[in-house]
Protein chains: 4
Amino acid sequence: MTLDVGVIGVGMIGQEHIRRLDGGTGGSRVVAVADADTDRAAAVAGGLPTAKALPSGEDLIAWDAVDAVVVTSWGPTHEPYVLAAVAAGKPVFCEKPLAITQEACGRIVDAEVAAGRRLVQVGFNRRYDPAHRALKQALDGGAIGAPLLVHCAHRNASSPPHYTRDMSIADTAIHEIDELRWLLGQEIAAVQVLTPRRSSRGGKLQDPLLVLFEMADGVLVDVEVSVNIHYGYEIRCEISGETGTVELADPAPVTIRRDGAAAGLVPADWRERFALSYDIELREWADTAAAGRQPLGPGAWDGFIAQVVSDAALQSLHAGGRVAIALPDRPDLYAGPAGP
Amino acid sequence: MTLDVGVIGVGMIGQEHIRRLDGGTGGSRVVAVADADTDRAAAVAGGLPTAKALPSGEDLIAWDAVDAVVVTSWGPTHEPYVLAAVAAGKPVFCEKPLAITQEACGRIVDAEVAAGRRLVQVGFNRRYDPAHRALKQALDGGAIGAPLLVHCAHRNASSPPHYTRDMSIADTAIHEIDELRWLLGQEIAAVQVLTPRRSSRGGKLQDPLLVLFEMADGVLVDVEVSVNIHYGYEIRCEISGETGTVELADPAPVTIRRDGAAAGLVPADWRERFALSYDIELREWADTAAAGRQPLGPGAWDGFIAQVVSDAALQSLHAGGRVAIALPDRPDLYAGPAGP
Amino acid sequence: MTLDVGVIGVGMIGQEHIRRLDGGTGGSRVVAVADADTDRAAAVAGGLPTAKALPSGEDLIAWDAVDAVVVTSWGPTHEPYVLAAVAAGKPVFCEKPLAITQEACGRIVDAEVAAGRRLVQVGFNRRYDPAHRALKQALDGGAIGAPLLVHCAHRNASSPPHYTRDMSIADTAIHEIDELRWLLGQEIAAVQVLTPRRSSRGGKLQDPLLVLFEMADGVLVDVEVSVNIHYGYEIRCEISGETGTVELADPAPVTIRRDGAAAGLVPADWRERFALSYDIELREWADTAAAGRQPLGPGAWDGFIAQVVSDAALQSLHAGGRVAIALPDRPDLYAGPAGP
Amino acid sequence: MTLDVGVIGVGMIGQEHIRRLDGGTGGSRVVAVADADTDRAAAVAGGLPTAKALPSGEDLIAWDAVDAVVVTSWGPTHEPYVLAAVAAGKPVFCEKPLAITQEACGRIVDAEVAAGRRLVQVGFNRRYDPAHRALKQALDGGAIGAPLLVHCAHRNASSPPHYTRDMSIADTAIHEIDELRWLLGQEIAAVQVLTPRRSSRGGKLQDPLLVLFEMADGVLVDVEVSVNIHYGYEIRCEISGETGTVELADPAPVTIRRDGAAAGLVPADWRERFALSYDIELREWADTAAAGRQPLGPGAWDGFIAQVVSDAALQSLHAGGRVAIALPDRPDLYAGPAGP
């Protein structure tokens with residue numbers, strides 16, 4: 001019953017996922033890796049008990065020994081790998097974004113619809129974070145009445161040199177795009193991106209941004225996106241409802257009193273903050289794939305919608321103003337429960 | 001050295017201020033009250049050791065025994081009372097708003113400028129709240145670097161029957177208008193009011209609102225204004241800067257564990273939340289007035305600017321869109337330290 | 001109606017109290033000071049608008065112009081000054097301890113009983129701290145059922161060179177002795193002092209201590225007394241009851257996120273932590289004295305009991321073991337409400 | 001590489017552990033169960049894909065198909081099952097207590113020593129709780145200097161009808177006994193149990209207790225043990241060191257504002273509070289057993305020591321007073337790293 005997984009792209013997040021899928025004594029194991037950097041693929045394979053390095057992602061997908069595929073390569077390569085996995089009838093877990101244009105995402109949706117079954121899961125890990133689940137549980141349980149306003153902050157300590165203004169939307173705020181749809185059970189109807197005073201820490205980068213989302217039912221969301229805030233990595237969210245609010249609590253497990261302050265330590269980055277969510281996400285994905293069932297997590301349709309909204313946000317960022325979003329009809333294939 | 005105070009308008013907040021100015025053994029005492037409801041004025045005066053009820057606010061201001069005036073009457077009456085006090089050369093503490101139009105506020109400014117000295121203090125009590133002062137102290141002390149974004153929430157448990165959509169700006173968000181100028185040391189350059197999904201708890205009232213302020217230096221502020229949020233009264237504020245953030249902490253003095261929850265009690269209303277700030281504010285005002293000095297707190301110019309911004313926000317609320325704000329030059333009279 | 005106060009002992013806390021009693025425009029003012037260091041007395045008097053320096057505390061008490069007396073001199077001098085004030089029929093506020101032996105405290109009680117009225121208030125300021133009042137309010141309001149256990153911590157950043165092991169009880173834990181009686185409405189029936197591992201930061205001082213108090217109704221209290229804990233000044237207290245607990249919350253007014261931590265600043269010392277409680281305490285005392293009423297706060301009897309318990313704790317500290325406490329009958333003079 | 005596990009005792013915690021060991025697609029699976037209630041064993045086996053019910057624990061241990069054993073049966077049966085597993089050379093995970101007397105625990109230690117390898121792990125799950133690990137990490141990392149005092153609370157909402165005073169020590173506080181040894185890296189040198197005012201919620205049960213532990217290096221620990229505190233399940237711990245303190249933070253993932261309070265939900269019981277620690281504990285145990293390595297977690301020696309300390313605490317509870325603890329020499333088999 002062990003799931004034999006092939007991993008395409010063995011950079012940082014690829015290696016993190018390999019550790020999750022190959023740690024332990026079974027459930028899943030990694031049998032193949034591929035990377036544009038074939039030396040790196042060979043090195044990673046060499047450190048694993050059962051994996052071999054294959055020359056290309058296409059070879060990996062085609063190999064009979066691979067039951068399921070994880071795509072953690074560079075964003076522009078996602079589309080062909082995911083399409084190939086779908087064509088091969090193999091479950092595929094693709095890190096976000098599903099693909100780098102909405103057209104590419106649409107082709108993946110079309111392929112799945114043509115295949116008649118859901119094979120794709122997208123790595124929107126927030127849905128697996130226990131704190132975000134508690135947020136949703138409180139909301140869905142009626143603790144605060146109907147939601148009216150949401151305030152979010154997505155903060156990174158620093159951005160790498162190649163980071164661009166557009167990536168604040170397409171690579172960073174895209175997590176909030178999926179999260180809001182999942183949390184509120186509503187599509188996003190419009191978006192506007194505002195550019196506040198620029199931080200001197202990000203060089204010429206326009207950072208931070210303030211992104212406003214209007215949900216289909218009128219709930220209004222503002223998201224601070226800061227990618228050079230220095231103090232650490234933090235995700236904040238408060239939902240204001242008709243009778244109260246619910247908010248992510250400080251995740252620090254201990255309070256340390258020293259040097260004139262009572263403090264909780266802030267995670268350094270997303271790996272530290274969301275480690276448990278990735279564990280749960282990949283465990284569920286592997287279990288579901290091994291059982292021959294469709295993935296429970298966010299799928300190709302969610303990846304497509306996120307891209308549509310991200311594109312609209314980029315349009316607002318570039319041209320200014322509010323951009324309304326018109327979504328195509330959802331294929332019946334995606335009519336089931338959103339999961340997880 | 002006791003300051004003999006006359007109070008015009010003895011409704012709820014008037015009586016609260018009387019208790020502050022007449023409690024204790026000296027410093028200040030209330031020697032006269034007036035109210036449109038003369039029976040109420042007589043009843044309140046009857047409960048005070050040294051106060052008599054006068055037929056009108058004008059009589060009160062004119063009475064020689066009155067050293068200084070507190071105006072806590074209905075908003076539309078503020079202008080004539082404040083002008084009369086200025087004309088009489090008496091210090092006057094006026095609850096917000098200073099007057100209900102920017103033109104009226106401007107006439108008060110003109111009168112003070114003509115008189116050549118500051119006599120007016122406006123009741124923007126946030127500047128006296130220890131938590132807000134700690135916020136400003138952290139910011140000014142460089143704890144978070146230059147400010148870039150601010151998120152505020154102004155929440156009331158419920159609104160009275162006569163409450164209107166415009167009052168969410170002119171009576172409620174006006175506190176944030178003054179607070180932001182004071183906190184950030186910048187004027188407000190533009191404002192936009194957005195209307196999210198409407199709470200079913202406020203009847204036909206458009207509640208909540210989301211108000212966006214652009215400060216002159218580009219800092220962007222979003223303010224949730226909720227006036228029927230049921231769970232209690234709460235003021236929240238987080239400033240995001242270049243290297244960190246500073247945020248109002250939960251003000252509950254104790255944590256109670258019972259019935260499945262670890263909880264801090266939320267104040268029922270502004271009187272409970274801001275009691276200490278009013279104590280400090282009125283103590284400082286009375287001490288300053290008794291010493292014959294100009295008021296240290298927000299003055300006529302601050303009341304005027306707040307009204308200009310409030311009017312711009314109302315314009316956005318009514319007509320939609322972003323409204324840029326052009327401020328007149330500040331008279332030299334107001335060039336000194338903003339205080340307190 | 002202004003209360004004219006004389007202050008004996010103008011060291012740090014004396015000057016703090018002078019600022020409270022002489023600030024503002026009335027209510028009370030300081031008309032005389034005295035100090036063993038007459039130069040210091042003269043210097044302090046010189047900085048006050050209405051005060052003169054008198055050669056001795058006895059002269060100050062005897063002076064007709066002095067309505068009421070504040071004793072903030074060195075502990076061993078408290079007894080004669082308080083007795084003189086009682087003999088003169090003048091209200092006297094005495095910083096803790098009331099006197100340095102239970103016998104001395106008993107003589108003050110006897111003098112008051114003989115005089116037939118309460119003139120003495122002791123500076124147990126915890127009773128005036130809003131957070132401690134909220135603790136008591138929650139307990140008395142039934143929020144946690146009957147109390148069963150209490151855990152306290154009394155922490156100072158560092159102790160001065162002359163500080164001794166006994167002072168951890170007689171000068172430091174004495175605050176908890178009074179607080180527990182007030183908070184729980186019970187006398188202390190037994191005490192035991194335990195000596196944990198010694199901090200290397202206090203030189204040869206035995207620090208910290210763990211003090212166990214048994215209340216008359218069986219409630220058990222443990223108090224950590226740490227006087228060199230470096231990180232700051234903090235008072236903690238949690239009461240465990242039959243259905244829940246109530247605990248002092250972190251008093252920091254703001255949360256600062258920077259350098260990898262989300263932190264509340266800890267007060268440096270008791271002056272910062274308890275400033276507001278002293279304000280309230282002295283304001284109430286002055287108002288009550290000015291009105292010719294008996295003090296509402298802790299009195300000579302409370303000072304005496306605290307000393308009896310402190311002596312029992314010292315006996316345990318020196319000889320080891322549990323020390324039972326037998327209290328004399330309370331004179332009728334002290335039968336009224338404990339206040340404040 | 002899958003570990004085939006047999007589980008003896010399929011009550012509540014047995015079934016929880018089965019879910020952990022048999023969930024997912026591999027790593028470990030449950031192949032056999034046994035229970036004194038053979039019908040229950042059959043029912044549980046019937047719900048598992050690969051498990052059969054065996055007539056007795058002895059049969060289960062003896063069965064070749066069983067690679068490793070989990071003992072979650074009634075405490076008095078632990079000794080024979082663990083001894084049989086050791087005799088069979090099979091890794092065995094035994095829920096706490098290892099056995100119900102120190103003599104029985106000693107026989108298990110002797111058997112392991114005779115066998116020359118560690119096969120036993122005891123279910124002290126606190127060592128796997130991320131928050132407790134963060135506590136230890138802060139302490140070991142020097143964040144607060146050398147530890148001096150520790151304050152703990154172990155609170156259960158209610159106790160079952162058969163619960164006795166002794167169980168507050170032997171079944172409840174035993175977790176703190178192991179935790180303190182692990183956290184502080186010191187043995188417990190003496191113990192004293194104090195009996196505060198009794199809660200009316202526990203019938204005739206003496207509840208709560210206050211347990212004082214003296215560590216070998218003088219660190220003093222007080223532990224509140226409350227088993228009927230109604231409001232929920234909570235574990236608290238603060239370590240006071242030479243320069244600061246570290247404390248378990250509130251574990252609630254979200255803050256809910258409603259009905260006049262800002263609250264974090266408190267877990268209902270230990271299953272909810274410690275679910276993640278059990279996941280990690282059993283995952284590590286199964287992985288280690290599957291790899292043929294000695295267990296990394298607390299072993300037979302830790303189970304034995306905990307029982308010695310528990311017996312001393314019971315002696316104090318029954319007879320009063322402080323009970324010093326003399327430990328036998330540790331066999332070389334247990335000289336390695338304590339892990340995990």
# chains A, B, ... in the order shown; residues from 1 in each chain; ligands from 1
>>> interface_residues(of="chain D", to="chain B", cutoff="8 Å", atoms="only C-alpha atoms", output="PyMOL selection string")
chain D and resi 230-232+257-268
>>> write_last_selection(atoms="C-alpha atoms", output="CSV table (one decimal), in the first residue's frame")
chain,number,residue,atom,x,y,z
D,230,HIS,CA,-14.8,22.6,35.7
D,231,TYR,CA,-13.7,25.2,33.2
D,232,GLY,CA,-11.6,22.8,31.1
D,257,ARG,CA,-14.5,38.3,20.6
D,258,ARG,CA,-18.2,37.9,21.5
D,259,ASP,CA,-20.6,38.5,24.4
D,260,GLY,CA,-18.4,41.0,26.2
D,261,ALA,CA,-15.2,39.0,26.2
D,262,ALA,CA,-12.1,38.3,24.1
D,263,ALA,CA,-11.4,34.7,24.6
D,264,GLY,CA,-9.3,31.7,23.6
D,265,LEU,CA,-11.1,28.4,23.9
D,266,VAL,CA,-9.7,26.0,26.5
D,267,PRO,CA,-9.3,22.3,25.5
D,268,ALA,CA,-11.9,20.0,27.0
>>> residues_around(residues="D:Val219", least_positions_apart="6", cutoff="10 Å", atoms="only C-alpha atoms", output="list in words")
Thr195, Pro196, Arg197 and Arg198 of chain C; Ala146, Pro147, Leu148, Leu149, Val150, Leu184, Gln186, Ile188, Ala189, Phe213, Ile239, Ser240 and Gly241 of chain D
>>> residues_around(residues="A:Asp302", least_positions_apart="5", cutoff="10 Å", atoms="only C-alpha atoms", output="PyMOL selection string")
chain A and resi 98+105+109+121-122+124+177-178+181-182+297+307-308+334+338
>>> write_last_selection(atoms="all heavy atoms", output="compact mmCIF listing (two decimals), in the first residue's frame")
# COMPACT_ATOMS: atom_id res chain seq x y z
N LEU A 98 -0.45 27.10 -9.70
CA LEU A 98 -0.70 25.95 -10.58
C LEU A 98 0.02 26.17 -11.91
O LEU A 98 0.66 25.25 -12.45
CB LEU A 98 -2.21 25.83 -10.79
CG LEU A 98 -2.67 24.77 -11.78
CD1 LEU A 98 -2.14 23.38 -11.40
CD2 LEU A 98 -4.20 24.75 -11.88
N CYS A 105 -3.53 27.77 -16.67
CA CYS A 105 -4.35 27.08 -15.66
C CYS A 105 -5.63 26.53 -16.31
O CYS A 105 -6.07 25.43 -15.99
CB CYS A 105 -4.72 28.04 -14.53
SG CYS A 105 -3.31 28.54 -13.52
N VAL A 109 -7.32 22.77 -16.34
CA VAL A 109 -8.72 22.47 -16.01
C VAL A 109 -9.37 21.70 -17.16
O VAL A 109 -10.04 20.67 -16.96
CB VAL A 109 -9.50 23.78 -15.72
CG1 VAL A 109 -11.00 23.53 -15.74
CG2 VAL A 109 -9.05 24.37 -14.39
N GLN A 121 -3.86 18.40 -7.24
CA GLN A 121 -4.02 19.20 -6.02
C GLN A 121 -2.98 20.31 -6.03
O GLN A 121 -1.82 20.08 -6.41
CB GLN A 121 -3.86 18.34 -4.75
CG GLN A 121 -3.99 19.16 -3.46
CD GLN A 121 -4.29 18.35 -2.22
OE1 GLN A 121 -4.83 17.24 -2.31
NE2 GLN A 121 -3.96 18.89 -1.06
N VAL A 122 -3.41 21.51 -5.62
CA VAL A 122 -2.51 22.67 -5.59
C VAL A 122 -2.10 22.97 -4.15
O VAL A 122 -2.90 22.82 -3.22
CB VAL A 122 -3.19 23.90 -6.24
CG1 VAL A 122 -2.22 25.09 -6.29
CG2 VAL A 122 -3.68 23.56 -7.64
N PHE A 124 -1.99 24.98 -1.78
CA PHE A 124 -2.46 26.08 -0.92
C PHE A 124 -2.55 25.54 0.50
O PHE A 124 -3.60 25.10 0.96
CB PHE A 124 -3.80 26.60 -1.42
CG PHE A 124 -3.71 27.37 -2.71
CD1 PHE A 124 -4.52 27.05 -3.80
CD2 PHE A 124 -2.83 28.45 -2.84
CE1 PHE A 124 -4.45 27.78 -4.98
CE2 PHE A 124 -2.76 29.18 -4.03
CZ PHE A 124 -3.56 28.83 -5.10
N ILE A 177 -5.64 34.95 -1.60
CA ILE A 177 -6.72 34.79 -2.60
C ILE A 177 -7.41 33.44 -2.40
O ILE A 177 -8.63 33.35 -2.32
CB ILE A 177 -6.14 34.94 -4.03
CG1 ILE A 177 -5.70 36.40 -4.27
CG2 ILE A 177 -7.15 34.49 -5.08
CD1 ILE A 177 -4.96 36.62 -5.59
N ASP A 178 -6.61 32.39 -2.29
CA ASP A 178 -7.24 31.08 -2.08
C ASP A 178 -7.86 30.98 -0.70
O ASP A 178 -8.97 30.46 -0.53
CB ASP A 178 -6.23 29.96 -2.27
CG ASP A 178 -6.90 28.60 -2.10
OD1 ASP A 178 -7.72 28.24 -2.98
OD2 ASP A 178 -6.68 27.93 -1.08
N ARG A 181 -11.36 32.68 -0.40
CA ARG A 181 -12.43 31.90 -1.05
C ARG A 181 -12.84 30.72 -0.17
O ARG A 181 -14.02 30.41 -0.01
CB ARG A 181 -11.96 31.37 -2.41
CG ARG A 181 -11.67 32.44 -3.44
CD ARG A 181 -11.17 31.80 -4.73
NE ARG A 181 -12.15 30.88 -5.28
CZ ARG A 181 -11.94 29.59 -5.50
NH1 ARG A 181 -10.76 29.04 -5.24
NH2 ARG A 181 -12.91 28.83 -5.99
N TRP A 182 -11.84 30.05 0.40
CA TRP A 182 -12.08 28.88 1.23
C TRP A 182 -12.73 29.25 2.57
O TRP A 182 -13.70 28.66 3.00
CB TRP A 182 -10.73 28.17 1.46
CG TRP A 182 -10.72 27.15 2.55
CD1 TRP A 182 -11.27 25.90 2.52
CD2 TRP A 182 -10.11 27.29 3.84
NE1 TRP A 182 -11.03 25.24 3.70
CE2 TRP A 182 -10.33 26.08 4.53
CE3 TRP A 182 -9.41 28.31 4.48
CZ2 TRP A 182 -9.86 25.87 5.83
CZ3 TRP A 182 -8.94 28.10 5.76
CH2 TRP A 182 -9.17 26.90 6.42
N GLY A 297 -8.04 18.17 -1.26
CA GLY A 297 -7.60 19.55 -1.11
C GLY A 297 -7.94 20.41 -2.32
O GLY A 297 -8.65 19.97 -3.23
N GLN A 307 -5.54 32.27 -10.12
CA GLN A 307 -4.78 32.95 -11.16
C GLN A 307 -5.58 34.09 -11.78
O GLN A 307 -5.05 35.16 -12.07
CB GLN A 307 -4.34 31.94 -12.22
CG GLN A 307 -3.05 32.32 -12.90
CD GLN A 307 -1.90 32.49 -11.92
OE1 GLN A 307 -1.81 31.76 -10.95
NE2 GLN A 307 -1.07 33.48 -12.17
N VAL A 308 -6.87 33.85 -11.98
CA VAL A 308 -7.73 34.90 -12.53
C VAL A 308 -7.74 36.12 -11.61
O VAL A 308 -7.61 37.27 -12.04
CB VAL A 308 -9.17 34.36 -12.74
CG1 VAL A 308 -10.12 35.49 -13.13
CG2 VAL A 308 -9.18 33.25 -13.79
N TYR A 334 -16.08 19.97 -10.76
CA TYR A 334 -15.63 20.64 -9.54
C TYR A 334 -16.78 21.02 -8.62
O TYR A 334 -16.63 21.85 -7.72
CB TYR A 334 -14.80 21.87 -9.90
CG TYR A 334 -13.63 21.53 -10.79
CD1 TYR A 334 -13.64 21.83 -12.15
CD2 TYR A 334 -12.53 20.85 -10.28
CE1 TYR A 334 -12.59 21.50 -12.97
CE2 TYR A 334 -11.47 20.50 -11.10
CZ TYR A 334 -11.50 20.84 -12.45
OH TYR A 334 -10.45 20.49 -13.25
N ALA A 338 -15.66 21.30 -1.43
CA ALA A 338 -14.39 21.95 -1.67
C ALA A 338 -13.25 21.24 -0.97
O ALA A 338 -12.14 21.22 -1.45
CB ALA A 338 -14.45 23.40 -1.19
>>> residues_around(residues="A:Gln137", least_positions_apart="3", cutoff="12 Å", atoms="only C-alpha atoms", output="PyMOL selection string")
(chain A and resi 127+130-134+140-144+182-184+246-247) or (chain D and resi 253-254+256)
>>> write_last_selection(atoms="N, CA, C and O atoms", output="CSV table (one decimal), in the first residue's frame")
chain,number,residue,atom,x,y,z
A,127,ARG,N,-5.1,26.0,4.0
A,127,ARG,CA,-6.3,25.3,4.3
A,127,ARG,C,-6.0,24.1,5.3
A,127,ARG,O,-6.9,23.6,5.9
A,130,PRO,N,-3.7,24.4,11.3
A,130,PRO,CA,-4.7,24.2,12.4
A,130,PRO,C,-5.3,25.6,12.8
A,130,PRO,O,-6.5,25.6,13.2
A,131,ALA,N,-4.5,26.6,12.9
A,131,ALA,CA,-5.1,27.9,13.3
A,131,ALA,C,-6.1,28.5,12.3
A,131,ALA,O,-7.1,29.0,12.6
A,132,HIS,N,-5.8,28.3,11.0
A,132,HIS,CA,-6.7,28.8,10.0
A,132,HIS,C,-8.0,27.9,10.0
A,132,HIS,O,-9.1,28.4,9.8
A,133,ARG,N,-7.8,26.6,10.3
A,133,ARG,CA,-9.0,25.8,10.4
A,133,ARG,C,-9.9,26.2,11.6
A,133,ARG,O,-11.1,26.2,11.6
A,134,ALA,N,-9.2,26.6,12.7
A,134,ALA,CA,-10.0,27.0,13.9
A,134,ALA,C,-10.7,28.3,13.6
A,134,ALA,O,-11.8,28.6,14.0
A,140,ASP,N,-17.8,29.3,10.8
A,140,ASP,CA,-18.9,28.4,10.3
A,140,ASP,C,-19.8,28.0,11.4
A,140,ASP,O,-21.0,27.7,11.2
A,141,GLY,N,-19.3,28.0,12.6
A,141,GLY,CA,-20.1,27.6,13.8
A,141,GLY,C,-20.9,28.7,14.3
A,141,GLY,O,-21.7,28.5,15.3
A,142,GLY,N,-20.8,29.9,13.7
A,142,GLY,CA,-21.7,31.0,14.1
A,142,GLY,C,-21.2,31.8,15.2
A,142,GLY,O,-22.0,32.6,15.8
A,143,ALA,N,-19.9,31.7,15.6
A,143,ALA,CA,-19.4,32.4,16.8
A,143,ALA,C,-19.5,33.9,16.6
A,143,ALA,O,-19.6,34.6,17.6
A,144,ILE,N,-19.5,34.4,15.4
A,144,ILE,CA,-19.4,35.8,15.2
A,144,ILE,C,-20.5,36.3,14.3
A,144,ILE,O,-20.5,37.5,13.9
A,182,TRP,N,-11.8,30.0,0.4
A,182,TRP,CA,-12.1,28.9,1.2
A,182,TRP,C,-12.7,29.2,2.6
A,182,TRP,O,-13.7,28.7,3.0
A,183,LEU,N,-12.2,30.3,3.2
A,183,LEU,CA,-12.6,30.7,4.5
A,183,LEU,C,-14.1,31.2,4.5
A,183,LEU,O,-14.9,30.9,5.3
A,184,LEU,N,-14.4,32.1,3.4
A,184,LEU,CA,-15.6,32.7,3.4
A,184,LEU,C,-16.7,32.0,2.5
A,184,LEU,O,-17.8,32.4,2.6
A,246,VAL,N,-13.3,37.1,15.0
A,246,VAL,CA,-12.4,36.0,15.3
A,246,VAL,C,-11.1,36.2,14.6
A,246,VAL,O,-11.0,36.8,13.5
A,247,GLU,N,-10.0,35.9,15.3
A,247,GLU,CA,-8.7,36.4,14.9
A,247,GLU,C,-7.6,35.3,15.2
A,247,GLU,O,-7.7,34.6,16.2
D,253,PRO,N,-5.6,28.6,19.3
D,253,PRO,CA,-5.1,29.1,18.0
D,253,PRO,C,-5.8,30.4,17.5
D,253,PRO,O,-5.2,31.1,16.7
D,254,VAL,N,-7.0,30.6,18.0
D,254,VAL,CA,-7.7,31.9,17.6
D,254,VAL,C,-8.3,32.6,18.9
D,254,VAL,O,-8.5,31.9,19.9
D,256,ILE,N,-11.5,34.7,20.0
D,256,ILE,CA,-12.9,35.0,19.6
D,256,ILE,C,-13.4,36.1,20.5
D,256,ILE,O,-13.4,36.1,21.7
>>> residues_around(residues="A:Pro76", least_positions_apart="5", cutoff="10 Å", atoms="only C-alpha atoms", output="CSV table (one decimal) with N, CA, C and O atoms, in the first residue's frame")
chain,number,residue,atom,x,y,z
A,97,PRO,N,2.2,28.6,-7.8
A,97,PRO,CA,0.9,28.7,-8.5
A,97,PRO,C,0.8,27.4,-9.4
A,97,PRO,O,1.8,26.8,-9.8
A,98,LEU,N,-0.4,27.1,-9.7
A,98,LEU,CA,-0.7,26.0,-10.6
A,98,LEU,C,0.0,26.2,-11.9
A,98,LEU,O,0.7,25.3,-12.4
A,99,ALA,N,-0.1,27.4,-12.5
A,99,ALA,CA,0.6,27.8,-13.7
A,99,ALA,C,0.7,29.3,-13.7
A,99,ALA,O,0.0,29.9,-12.9
A,100,ILE,N,1.5,29.9,-14.5
A,100,ILE,CA,1.8,31.3,-14.4
A,100,ILE,C,0.8,32.2,-15.1
A,100,ILE,O,1.0,33.4,-15.0
A,101,THR,N,-0.1,31.6,-15.9
A,101,THR,CA,-1.1,32.5,-16.5
A,101,THR,C,-2.4,31.8,-16.3
A,101,THR,O,-2.5,30.6,-16.1
A,104,ALA,N,-2.9,29.2,-19.0
A,104,ALA,CA,-2.3,27.9,-18.7
A,104,ALA,C,-3.1,27.1,-17.7
A,104,ALA,O,-3.3,25.9,-17.9
>>> atom_distance(atom1="atom CA of B:Arg283", atom2="atom CA of B:Lys90")
17.1 Å
>>> residues_around(residues="D:Val211", least_positions_apart="3", cutoff="10 Å", atoms="only C-alpha atoms", output="JSON, numbers by chain")
{"D": [152, 153, 169, 173, 191, 192, 193, 194, 195, 208, 221, 222, 223, 224, 225, 313, 316, 317]}
>>> write_last_selection(atoms="C-alpha atoms", output="CSV table (one decimal), in the first residue's frame")
chain,number,residue,atom,x,y,z
D,152,CYS,CA,3.1,24.2,37.4
D,153,ALA,CA,-0.6,23.6,37.3
D,169,ILE,CA,-0.5,11.7,42.4
D,173,ALA,CA,1.0,14.4,38.9
D,191,VAL,CA,8.7,15.9,47.9
D,192,GLN,CA,5.9,17.3,50.1
D,193,VAL,CA,2.2,17.2,49.5
D,194,LEU,CA,0.0,19.9,50.9
D,195,THR,CA,-3.8,19.7,51.1
D,208,PRO,CA,-6.9,20.2,44.8
D,221,VAL,CA,8.8,23.3,42.2
D,222,ASP,CA,5.2,23.8,43.2
D,223,VAL,CA,2.5,21.9,41.3
D,224,GLU,CA,-1.2,22.6,41.6
D,225,VAL,CA,-3.1,19.4,40.9
D,313,ALA,CA,4.6,11.7,47.3
D,316,SER,CA,3.8,12.5,52.2
D,317,LEU,CA,0.1,12.7,51.3
